[in-house]
Amino acid sequence: DTFKGSYYANPILDVPTADDVLVSRYPSYCRPNIWPADHLPELEIAFKALGKLMLEVGLMLARHCDLYVMQHGVEPYDGESLEQTISRSRCHKGRLLYYFPRQFRY
């Protein structure tokens, strides 16, 4: 697992919260994004566009999951739907993963 690098960011909100307690308690989800604008200026726009698309698809899928649970659930469901939970969330997270080339010695 030492031959890969990761980049994490929230593709929907650059600053998910200004609540210092939440930032301290959940730093990987609540800290503001840091974009490598000097080295890779196009990353932010592409990352956010893909993240928005993934959220839209996820919400459509969640809607169908909610319908299935309501139609086939064992008991009546009064809680918040999966679609509602995802749509009001401020903690979306995307990850870019890069595998470094391995150097083999012969």
# chains A, B, ... in the order shown; residues from 1 in each chain; ligands from 1

call {"tool": "residues_around", "arguments": {"residues": "stretch 10-21 of chain A", "least_positions_apart": "6", "cutoff": "8 Å", "atoms": "only C-alpha atoms", "output": "mmCIF file with N, CA, C and O atoms, in the first residue's frame"}}
result
data_model
loop_
_atom_site.group_PDB
_atom_site.id
_atom_site.type_symbol
_atom_site.label_atom_id
_atom_site.label_comp_id
_atom_site.auth_asym_id
_atom_site.auth_seq_id
_atom_site.Cartn_x
_atom_site.Cartn_y
_atom_site.Cartn_z
ATOM 1 N N TYR A 29 -13.579 15.143 6.934
ATOM 2 C CA TYR A 29 -14.830 15.488 6.259
ATOM 3 C C TYR A 29 -15.142 16.977 6.298
ATOM 4 O O TYR A 29 -15.841 17.474 5.427
ATOM 5 N N CYS A 30 -14.661 17.685 7.298
ATOM 6 C CA CYS A 30 -15.122 19.052 7.532
ATOM 7 C C CYS A 30 -14.122 20.145 7.190
ATOM 8 O O CYS A 30 -14.497 21.313 7.131
ATOM 9 N N ARG A 31 -12.866 19.801 6.987
ATOM 10 C CA ARG A 31 -11.891 20.841 6.632
ATOM 11 C C ARG A 31 -12.179 21.388 5.242
ATOM 12 O O ARG A 31 -12.666 20.668 4.371
ATOM 13 N N PRO A 32 -11.821 22.637 5.009
ATOM 14 C CA PRO A 32 -11.991 23.205 3.665
ATOM 15 C C PRO A 32 -11.077 22.503 2.661
ATOM 16 O O PRO A 32 -10.029 21.972 3.005
ATOM 17 N N ASN A 33 -11.498 22.523 1.410
ATOM 18 C CA ASN A 33 -10.686 21.952 0.338
ATOM 19 C C ASN A 33 -9.417 22.761 0.122
ATOM 20 O O ASN A 33 -9.401 23.975 0.317
ATOM 21 N N PHE A 47 -12.858 18.045 -11.123
ATOM 22 C CA PHE A 47 -13.216 17.288 -9.925
ATOM 23 C C PHE A 47 -14.636 17.635 -9.482
ATOM 24 O O PHE A 47 -15.441 16.755 -9.172
ATOM 25 N N LYS A 48 -14.954 18.932 -9.478
ATOM 26 C CA LYS A 48 -16.290 19.364 -9.061
ATOM 27 C C LYS A 48 -17.359 18.930 -10.054
ATOM 28 O O LYS A 48 -18.462 18.547 -9.659
ATOM 29 N N ALA A 49 -17.057 18.975 -11.347
ATOM 30 C CA ALA A 49 -18.034 18.557 -12.354
ATOM 31 C C ALA A 49 -18.345 17.064 -12.214
ATOM 32 O O ALA A 49 -19.512 16.648 -12.245
ATOM 33 N N LEU A 50 -17.306 16.257 -12.059
ATOM 34 C CA LEU A 50 -17.512 14.821 -11.886
ATOM 35 C C LEU A 50 -18.248 14.538 -10.574
ATOM 36 O O LEU A 50 -19.160 13.709 -10.524
ATOM 37 N N GLY A 51 -17.877 15.230 -9.513
ATOM 38 C CA GLY A 51 -18.540 15.043 -8.219
ATOM 39 C C GLY A 51 -20.010 15.394 -8.276
ATOM 40 O O GLY A 51 -20.859 14.693 -7.690
ATOM 41 N N LYS A 52 -20.349 16.465 -8.985
ATOM 42 C CA LYS A 52 -21.758 16.863 -9.126
ATOM 43 C C LYS A 52 -22.531 15.793 -9.877
ATOM 44 O O LYS A 52 -23.647 15.433 -9.489
ATOM 45 N N ARG A 90 -23.544 17.564 3.921
ATOM 46 C CA ARG A 90 -22.515 18.533 3.552
ATOM 47 C C ARG A 90 -21.141 17.851 3.501
ATOM 48 O O ARG A 90 -20.129 18.500 3.350
ATOM 49 N N CYS A 91 -21.127 16.540 3.649
ATOM 50 C CA CYS A 91 -19.867 15.816 3.787
ATOM 51 C C CYS A 91 -19.594 14.864 2.631
ATOM 52 O O CYS A 91 -19.150 13.736 2.840
ATOM 53 N N HIS A 92 -19.864 15.283 1.432
ATOM 54 C CA HIS A 92 -19.536 14.459 0.273
ATOM 55 C C HIS A 92 -18.016 14.412 0.151
ATOM 56 O O HIS A 92 -17.327 15.370 0.472
ATOM 57 N N LYS A 93 -17.496 13.302 -0.330
ATOM 58 C CA LYS A 93 -16.041 13.169 -0.426
ATOM 59 C C LYS A 93 -15.699 12.429 -1.698
ATOM 60 O O LYS A 93 -16.283 11.402 -2.017
ATOM 61 N N GLY A 94 -14.746 12.985 -2.417
ATOM 62 C CA GLY A 94 -14.225 12.333 -3.610
ATOM 63 C C GLY A 94 -12.761 12.017 -3.398
ATOM 64 O O GLY A 94 -12.065 12.690 -2.632
#

call {"tool": "select_by_dssp", "arguments": {"residues": "chain A", "states": "alpha helix (DSSP H)", "output": "PyMOL selection string"}}
result
chain A and resi 20-25+27-30+43-72+82-88

call {"tool": "residues_around", "arguments": {"residues": "stretch 98-103 of chain A", "least_positions_apart": "2", "cutoff": "9 Å", "atoms": "only C-alpha atoms", "output": "list in words"}}
result
Thr2, Phe3, Lys4, Gly5, Ser6, Tyr7, Leu96 and Arg105 of chain A

call {"tool": "residues_around", "arguments": {"residues": "stretch 57-63 of chain A", "least_positions_apart": "4", "cutoff": "9 Å", "atoms": "only C-alpha atoms", "output": "PDB file with C-alpha atoms, in the first residue's frame"}}
result
ATOM      1  CA  LYS A  52     -21.758  16.863  -9.126  1.00  0.00           C
ATOM      2  CA  LEU A  53     -22.603  14.214 -11.717  1.00  0.00           C
ATOM      3  CA  LEU A  67     -39.171   3.248  -3.298  1.00  0.00           C
ATOM      4  CA  TYR A  68     -38.103  -0.376  -3.052  1.00  0.00           C
ATOM      5  CA  SER A  81     -35.299   8.705   3.273  1.00  0.00           C
ATOM      6  CA  LEU A  82     -31.902   7.813   1.888  1.00  0.00           C
ATOM      7  CA  GLU A  83     -32.410  10.414  -0.841  1.00  0.00           C
ATOM      8  CA  GLN A  84     -33.139  13.116   1.774  1.00  0.00           C
ATOM      9  CA  ILE A  86     -27.762  12.312   0.881  1.00  0.00           C
ATOM     10  CA  SER A  87     -29.246  15.541  -0.487  1.00  0.00           C
TER      11      SER A  87
END

call {"tool": "select_by_dssp", "arguments": {"residues": "chain A", "states": "strand (DSSP E or B)", "output": "ChimeraX atom specification"}}
result
/A:4-9,94-99

call {"tool": "atom_distance", "arguments": {"atom1": "atom CA of A:Ala9", "atom2": "atom CA of A:Glu44"}}
result
9.4 Å

call {"tool": "closest_residue", "arguments": {"among": "A:Leu40, A:Ile34, A:Ala46, A:Met70", "to": "A:Tyr8", "atoms": "only C-alpha atoms"}}
result
A:Ile34

call {"tool": "atom_distance", "arguments": {"atom1": "atom CA of A:Pro41", "atom2": "atom CA of A:Arg95"}}
result
17.1 Å

call {"tool": "atom_distance", "arguments": {"atom1": "atom CA of A:Pro36", "atom2": "atom CA of A:Leu55"}}
result
22.9 Å

call {"tool": "decode", "arguments": {"residues": "stretch 34-49 of chain A", "atoms": "N, CA, C and O atoms", "output": "PDB file, in the first residue's frame"}}
result
ATOM      1  N   ILE A  34      -8.380  22.080  -0.302  1.00  0.00           N
ATOM      2  CA  ILE A  34      -7.134  22.723  -0.726  1.00  0.00           C
ATOM      3  C   ILE A  34      -6.884  22.255  -2.154  1.00  0.00           C
ATOM      4  O   ILE A  34      -6.696  21.054  -2.392  1.00  0.00           O
ATOM      5  N   TRP A  35      -6.916  23.170  -3.090  1.00  0.00           N
ATOM      6  CA  TRP A  35      -6.739  22.831  -4.500  1.00  0.00           C
ATOM      7  C   TRP A  35      -5.323  23.176  -4.953  1.00  0.00           C
ATOM      8  O   TRP A  35      -4.816  24.236  -4.618  1.00  0.00           O
ATOM      9  N   PRO A  36      -4.687  22.315  -5.728  1.00  0.00           N
ATOM     10  CA  PRO A  36      -3.333  22.594  -6.224  1.00  0.00           C
ATOM     11  C   PRO A  36      -3.371  23.505  -7.462  1.00  0.00           C
ATOM     12  O   PRO A  36      -2.956  23.136  -8.563  1.00  0.00           O
ATOM     13  N   ALA A  37      -3.889  24.700  -7.274  1.00  0.00           N
ATOM     14  CA  ALA A  37      -4.143  25.613  -8.391  1.00  0.00           C
ATOM     15  C   ALA A  37      -2.879  25.991  -9.150  1.00  0.00           C
ATOM     16  O   ALA A  37      -2.923  26.181 -10.368  1.00  0.00           O
ATOM     17  N   ASP A  38      -1.758  26.100  -8.477  1.00  0.00           N
ATOM     18  CA  ASP A  38      -0.510  26.479  -9.157  1.00  0.00           C
ATOM     19  C   ASP A  38       0.035  25.348 -10.023  1.00  0.00           C
ATOM     20  O   ASP A  38       0.629  25.603 -11.068  1.00  0.00           O
ATOM     21  N   HIS A  39      -0.156  24.122  -9.602  1.00  0.00           N
ATOM     22  CA  HIS A  39       0.433  22.981 -10.299  1.00  0.00           C
ATOM     23  C   HIS A  39      -0.535  22.275 -11.247  1.00  0.00           C
ATOM     24  O   HIS A  39      -0.105  21.654 -12.220  1.00  0.00           O
ATOM     25  N   LEU A  40      -1.825  22.339 -10.934  1.00  0.00           N
ATOM     26  CA  LEU A  40      -2.825  21.641 -11.741  1.00  0.00           C
ATOM     27  C   LEU A  40      -4.143  22.436 -11.705  1.00  0.00           C
ATOM     28  O   LEU A  40      -5.117  22.033 -11.082  1.00  0.00           O
ATOM     29  N   PRO A  41      -4.167  23.581 -12.378  1.00  0.00           N
ATOM     30  CA  PRO A  41      -5.323  24.474 -12.264  1.00  0.00           C
ATOM     31  C   PRO A  41      -6.642  23.880 -12.756  1.00  0.00           C
ATOM     32  O   PRO A  41      -7.702  24.243 -12.258  1.00  0.00           O
ATOM     33  N   GLU A  42      -6.605  22.945 -13.678  1.00  0.00           N
ATOM     34  CA  GLU A  42      -7.835  22.373 -14.218  1.00  0.00           C
ATOM     35  C   GLU A  42      -8.464  21.323 -13.293  1.00  0.00           C
ATOM     36  O   GLU A  42      -9.603  20.908 -13.500  1.00  0.00           O
ATOM     37  N   LEU A  43      -7.764  20.894 -12.272  1.00  0.00           N
ATOM     38  CA  LEU A  43      -8.266  19.843 -11.395  1.00  0.00           C
ATOM     39  C   LEU A  43      -9.561  20.249 -10.696  1.00  0.00           C
ATOM     40  O   LEU A  43     -10.518  19.475 -10.664  1.00  0.00           O
ATOM     41  N   GLU A  44      -9.611  21.437 -10.138  1.00  0.00           N
ATOM     42  CA  GLU A  44     -10.786  21.847  -9.361  1.00  0.00           C
ATOM     43  C   GLU A  44     -12.063  21.794 -10.201  1.00  0.00           C
ATOM     44  O   GLU A  44     -13.077  21.223  -9.766  1.00  0.00           O
ATOM     45  N   ILE A  45     -12.040  22.335 -11.395  1.00  0.00           N
ATOM     46  CA  ILE A  45     -13.236  22.366 -12.241  1.00  0.00           C
ATOM     47  C   ILE A  45     -13.657  20.941 -12.627  1.00  0.00           C
ATOM     48  O   ILE A  45     -14.829  20.578 -12.526  1.00  0.00           O
ATOM     49  N   ALA A  46     -12.703  20.119 -13.038  1.00  0.00           N
ATOM     50  CA  ALA A  46     -13.014  18.747 -13.450  1.00  0.00           C
ATOM     51  C   ALA A  46     -13.502  17.913 -12.265  1.00  0.00           C
ATOM     52  O   ALA A  46     -14.469  17.145 -12.386  1.00  0.00           O
ATOM     53  N   PHE A  47     -12.858  18.045 -11.123  1.00  0.00           N
ATOM     54  CA  PHE A  47     -13.216  17.288  -9.925  1.00  0.00           C
ATOM     55  C   PHE A  47     -14.636  17.635  -9.482  1.00  0.00           C
ATOM     56  O   PHE A  47     -15.441  16.755  -9.172  1.00  0.00           O
ATOM     57  N   LYS A  48     -14.954  18.932  -9.478  1.00  0.00           N
ATOM     58  CA  LYS A  48     -16.290  19.364  -9.061  1.00  0.00           C
ATOM     59  C   LYS A  48     -17.359  18.930 -10.054  1.00  0.00           C
ATOM     60  O   LYS A  48     -18.462  18.547  -9.659  1.00  0.00           O
ATOM     61  N   ALA A  49     -17.057  18.975 -11.347  1.00  0.00           N
ATOM     62  CA  ALA A  49     -18.034  18.557 -12.354  1.00  0.00           C
ATOM     63  C   ALA A  49     -18.345  17.064 -12.214  1.00  0.00           C
ATOM     64  O   ALA A  49     -19.512  16.648 -12.245  1.00  0.00           O
TER      65      ALA A  49
END
